[in-house]
Every structure is written in structure tokens, then in C-alpha cells.
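Report on the following structure.
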Amino acid sequence: MKHRIVVLGAGYAGAYAAGNLARRLSPADTEITVVNAAPDFVERMRLHQLASGQDLTVRKLADVFAGTGVRVRLAHVTGIDPERRTVTVTPTAATTGGGGALREGGTRTDELAYDTLLYALGSSVAHHGVPGAAEYAYDVAGRASALRLRERIAALGAGGTVLVVGEGLTGIETATELAESRPDLTIALAARGELGAWLSPKARRHLRQAFDRLGITVHEHTAVEAVEPTRAIAAGGTPLPADVTVWSAGFAVHPLAAAAGLEVAETGRIVVDRTMRSVSHPDVYAAGDSAHAIGDNGRPLPMSCASAGFTTMQATAAIIARLTGGEVPTVGLKYYGNHISLGRRDAIFQMVGGDVRSKTWYLGGRTAARLKAGVLKGAGWNIAHPTSGMPKRRRRLTTAPTPDRTDRTDRTDRTDRTDVRVAA
């Protein structure tokens, strides 16, 4: 029987992992399934551009994995049973048909069995319980929400007000992108602390100059405590006018892993060892925002694209090595710095040291913008070409599937598949 690898999520981490595993492991021994709710690969790092009115390349997962042997399953992950090594999924509306079990209320569910699970479901916007934030604020944490914001921004007339809440990378990139694309709007940003406080003095000065050039108002040391339809309320009851409030004050992972009994950190991220293997369940690996991984500096890696890249490379290398009898390699887990877009023609690349403190050196302006554009283009290309550099001979497995497993390949009516299988 083939070793069943299930990858949950097809963002940067999941899509890259699935392609890398298919590229390195023999299809005679393995079956790889990617579970994702949306049919497309979403360039999350570009969603602020999408919200501002720019068009992005849409890559269908079925096209991305064509010819790789990877099976794409369009479904929402609703549960994990690590003891039975199964994943419960609910097919998306576009693929729902007959077959499968029915949950209470008539919702259809299916069950996927795995021998190795790679958890890469990422993160979503965190409202932190702020009243009105979930109801009235917009965000750029997903394609659907970014498109919703895009539509709302497009409907604003000249003089409309937009308030971005959050002074992190997402907040800064969203505010500057909107200000550059819609100079007729009044853009403001609410920061709990000082804008760019983590940057070096020169980079911080560059950031402020960019905000001044784009006409963005900054409300520093301003904690938003409520969101209403046409304004936000700061601490002390101070109103901040906003026809549109964009929430970018943090991200959180889904409680799915914790509910499944996997060991998680206080943030809900899966606690992994140096190889990205769950410390509580050795058949489970995690990568990207979902993984609580300790970097080479002894600190947890932050949620970032760079962290997703390193943790994914480590996870796939470990899975391949353990299945093929090789020695597990060590991939460097370093956090080099922050790369912040300030519209299409400006950016900041701030290096950090091992203590995560900003170094005095930084790169800014058009050169930094071109560098980030190249990084994003390269990441998208790698996802879209999973078989690039395909070895002439993929590795055979030396580790056999667990002998006592029951054949739970997929408890679904085989005449009603909701996945896309592409020939190897």
C-alpha cells in the first residue's frame, strides 16, 4: 500500500511542500493529497495590492499540480483525529454533491486517512474581541476579504476616509498602497505605539517621509477599542472618522490543532521540534504560520513569509529523509529582517541581528521596491512550477506504512469525487 501524505492548506507553505514532496518521492510508493478550501493559490503577500484595485495573476491549483500526481481536494478542514490518523473535511459549496457522511443539520462530511500529515493552514485576522471589529471592519488576510475591501474602496468618492488599524507590516503596506492608488481619499493609520518603532533610526525616518509624501495621517499611541459603521473609537472615547476601517492589528491561527489534542503554544500554534515534527504526535508536521518553531537564535520564529519558507524546507526535508532512510538534514532557521512595501515605487528592507534588533543598515527606495517585487515574483514562480528541477530518479521509500492500519483511504462515494487527480 502507498504511504499517504496529506497536506492541509495550499498557501505558500502548503503548496510549496506538496510540490517538493512530489518532486522528490516516487509515485510508486506515495500518494500526496492537498486539501484547500479555495481552488486557487492565493498570493497573500500581495493582497493589499488586490484591495487597492490592482489585478493579480490567478493560479488554479489544478493547473499548478497538473502532471505531478498530486491530488487536490477542495474542502474545509473541520477536524483531525491524530490517534486514528484521519482528517474530517467538508467539501466546498462548489463541489458538494452526493456521497459522504452527514453531520447534524445535513452538512456533508468526508474523512481522509493519512500516514504523514503536514499541517499548513496558516493564520487569519485576529479581532482580539474588539466590539464591532468583526462586523464593520475589513481586512486583507484572505482573497475574499481583500476583494470585499476592493469593492468598498472603489465605491468611495473623493474625500472618503479610510482608517487602517495596526502599525505592523500589513498595516503599513495597506495604508501606503491605498494612499498611492487613491490620492483623492483621506488615509489614516492608528498605531498602538510609535510608527516603525522596531526599525533603525534611518529606516524609521524613511518610513515617516513616505507617509508624509503620501499624505497619510498617523495616530500614534492610539488603541482602537471599538469599530462602528462610520468611525472607530479610541481609548478614552476619542472618535476617529472612517468611512472604511481596515483591521490589520494581528493574526491568529485556527483552534483546530488544539482541539485535536496536538500540543500547542499559548498562541495555538503547533509546538514542533527542530525538524518541524509535532512534539506530541510524530506523524504530524507543521510549517508556516501554524508552526511554533524555535529559530537558530533561540526565539520563536515570527509569522512571516520568510519563516514559512524555512519551516517548509525543513519539514519536507525531514519527511523525505525519514521515509527514504536518509539522514535528516538541518535547514537554517534564521530571521533576517523585514521587507516592507511602501506603494509600488518605494520600500524598506531592514536587516535584524540574532537578538531580532534592527541593524543600523537598511535598504530603501526604488531599489528595495524592485528587490521585493523580485522576491514576490520568485515565490509565485516556484509555486506555479512545482516540478521545476524534477530529479530524473525520484527516491523510493524504505519505511513501510503502518501494518495494522485499516484501509480508510477516503470514506467517500467514489462516484462523486470532489478532488482533482492529475496524472503523473
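Ordering of the C-alpha cells sets the chain letters (A, B, ...), residue numbers begin anew at 1 in every chain, and ligands are numbered from 1 in the order given.
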Open item on the list: Taking 4 positions as the minimum chain separation for residues in the same chain, which residues sit within 12 Å of Pro255 of chain A when counting only C-alpha atoms? Answer as a VMD selection string.
Closed with: chain A and resid 77 to 80 121 to 124 259 to 270 290
Task: Atomic separation - atom CA of Gly171 of chain A relative to atom CA of Trp247 of chain A, Å - done: 7.9 Å
Task: Which of segment 74-287 of chain A DSSP labels strand (DSSP E), written as a count of residues only - done: 64
TODO: Check the DSSP output for the backbone and give back, as number ranges by chain, the residues of segment 339-387 of chain A in alpha helix (DSSP H).
DONE: A: 366-384
Considering only C-alpha atoms, give me a table of residues in segment 102-202 of chain A that are at most 8 Å from segment 41-53 of chain A, with the closest atom pair and distance in Å for each, as CSV.
residue,atom,partner,partner_atom,distance
A:Val140,CA,A:Leu47,CA,5.8
A:Ala141,CA,A:Arg44,CA,7.1
A:Gly142,CA,A:Arg44,CA,6.8
A:Arg143,CA,A:Val42,CA,6.7
A:Ala146,CA,A:Ala51,CA,5.0
A:Leu147,CA,A:Ala51,CA,5.9
A:Arg148,CA,A:Ala51,CA,7.8
A:Leu149,CA,A:Ala51,CA,5.7
A:Arg150,CA,A:Ala51,CA,4.1
A:Glu151,CA,A:Ala51,CA,7.9
A:Ile153,CA,A:Ser52,CA,7.4
A:Ala154,CA,A:Gly53,CA,7.6
A:Thr170,CA,A:His48,CA,7.8
A:Glu173,CA,A:His48,CA,6.9
A:Thr174,CA,A:His48,CA,5.1
A:Glu177,CA,A:Ser52,CA,6.4
A:Leu178,CA,A:Ser52,CA,5.3
A:Ser181,CA,A:Ser52,CA,6.4
A:Arg182,CA,A:Ser52,CA,7.9
Would you save the residues of that selection, restricted to C-alpha atoms, as a PDB file, in the first residue's frame?
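For reference, again-v6.pdb as written:
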ATOM      1  CA  VAL A 140      -6.632  41.733   3.710  1.00  0.00           C
ATOM      2  CA  ALA A 141      -5.978  38.362   5.380  1.00  0.00           C
ATOM      3  CA  GLY A 142      -7.676  36.397   2.574  1.00  0.00           C
ATOM      4  CA  ARG A 143      -8.611  36.798  -1.066  1.00  0.00           C
ATOM      5  CA  ALA A 146      -9.431  41.665   0.109  1.00  0.00           C
ATOM      6  CA  LEU A 147     -11.909  41.658  -2.782  1.00  0.00           C
ATOM      7  CA  ARG A 148     -14.635  42.859  -0.411  1.00  0.00           C
ATOM      8  CA  LEU A 149     -12.392  45.754   0.641  1.00  0.00           C
ATOM      9  CA  ARG A 150     -11.527  46.457  -3.001  1.00  0.00           C
ATOM     10  CA  GLU A 151     -15.205  46.811  -3.857  1.00  0.00           C
ATOM     11  CA  ILE A 153     -12.824  51.336  -1.694  1.00  0.00           C
ATOM     12  CA  ALA A 154     -13.904  51.584  -5.319  1.00  0.00           C
ATOM     13  CA  THR A 170       0.380  44.558   6.897  1.00  0.00           C
ATOM     14  CA  GLU A 173       1.706  48.174   3.360  1.00  0.00           C
ATOM     15  CA  THR A 174      -2.080  48.512   3.166  1.00  0.00           C
ATOM     16  CA  GLU A 177      -0.835  51.081  -1.176  1.00  0.00           C
ATOM     17  CA  LEU A 178      -4.276  52.664  -0.747  1.00  0.00           C
ATOM     18  CA  SER A 181      -3.606  54.274  -5.673  1.00  0.00           C
ATOM     19  CA  ARG A 182      -6.312  56.636  -4.363  1.00  0.00           C
TER      20      ARG A 182
END
Open item on the list: Ranking A:Gly166, A:Leu323, A:Leu207, A:Thr88 by minimum distance to His127 of chain A and counting only C-alpha atoms, which one comes first?
Closed with: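 Closest to His127 of chain A of all the choices is A:Gly166.
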Open item on the list: Could you check the closest approach to Ala369 of chain A for each of A:Val224, A:Leu25, A:Ile348, A:Leu256 and tell me which residue wins, using only C-alpha atoms?
Closed with: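 Using only C-alpha atoms, Ala369 of chain A sits closest to A:Ile348.
Omitting Met303 of chain A and its sequence neighbours fewer than 4 positions away, and counting only C-alpha atoms, the residues within 8 Å are Gly288, Asp289, Ser307 and Ala308 of chain A.
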Task: Spatial neighbours of segment 229-238 of chain A, max dist 9 Å, only C-alpha atoms, sep filter under 6 positions, as a list in words - done: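 Using only C-alpha atoms, the neighbours found are Gly132, Glu135, Tyr136, Ala137, Leu163, Ala190, Thr222, Ala223, Val244 and Thr245 of chain A.
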For the residues in that selection, give me N, CA and C atoms as a short mmCIF file (atom, residue, chain, number, x, y, z; two decimals), in the first residue's frame.
data_model
loop_
_atom_site.label_atom_id
_atom_site.label_comp_id
_atom_site.auth_asym_id
_atom_site.auth_seq_id
_atom_site.Cartn_x
_atom_site.Cartn_y
_atom_site.Cartn_z
N GLY A 132 -17.39 45.35 17.41
CA GLY A 132 -17.63 45.90 16.09
C GLY A 132 -16.57 45.60 15.04
N GLU A 135 -17.73 42.86 12.69
CA GLU A 135 -18.92 43.24 11.93
C GLU A 135 -18.66 44.34 10.91
N TYR A 136 -17.85 45.32 11.27
CA TYR A 136 -17.74 46.52 10.44
C TYR A 136 -16.38 46.74 9.78
N ALA A 137 -15.34 46.08 10.27
CA ALA A 137 -14.01 46.32 9.70
C ALA A 137 -13.73 45.36 8.54
N LEU A 163 -9.49 54.36 7.57
CA LEU A 163 -8.63 54.22 8.74
C LEU A 163 -8.07 52.80 8.78
N ALA A 190 -3.90 54.06 12.62
CA ALA A 190 -3.90 54.09 14.09
C ALA A 190 -2.87 53.09 14.61
N THR A 222 -2.36 55.09 19.96
CA THR A 222 -3.82 55.12 19.87
C THR A 222 -4.34 53.69 19.76
N ALA A 223 -4.94 53.21 20.82
CA ALA A 223 -5.53 51.87 20.83
C ALA A 223 -7.01 51.98 20.47
N VAL A 244 -14.39 53.73 5.96
CA VAL A 244 -13.93 52.34 5.89
C VAL A 244 -12.84 52.13 6.94
N THR A 245 -13.01 51.12 7.78
CA THR A 245 -11.96 50.74 8.73
C THR A 245 -11.34 49.43 8.26
#
Task: Contacts of segment 196-203 of chain A at 6 Å (only C-alpha atoms; same-chain gap of 2+ positions) as a ChimeraX atom specification - done: /A:194,205-206,358,360
Task: For Ala22 of chain A, the nearest of the candidates A:Ala37, A:Val246, A:Leu333, A:Ile5, counting only C-alpha atoms - done: A:Ile5
Task: Counting only C-alpha atoms, the residue of A:Pro27, A:Gly325, A:Gly168, A:Gly67 that sits nearest Pro386 of chain A - done: A:Gly67
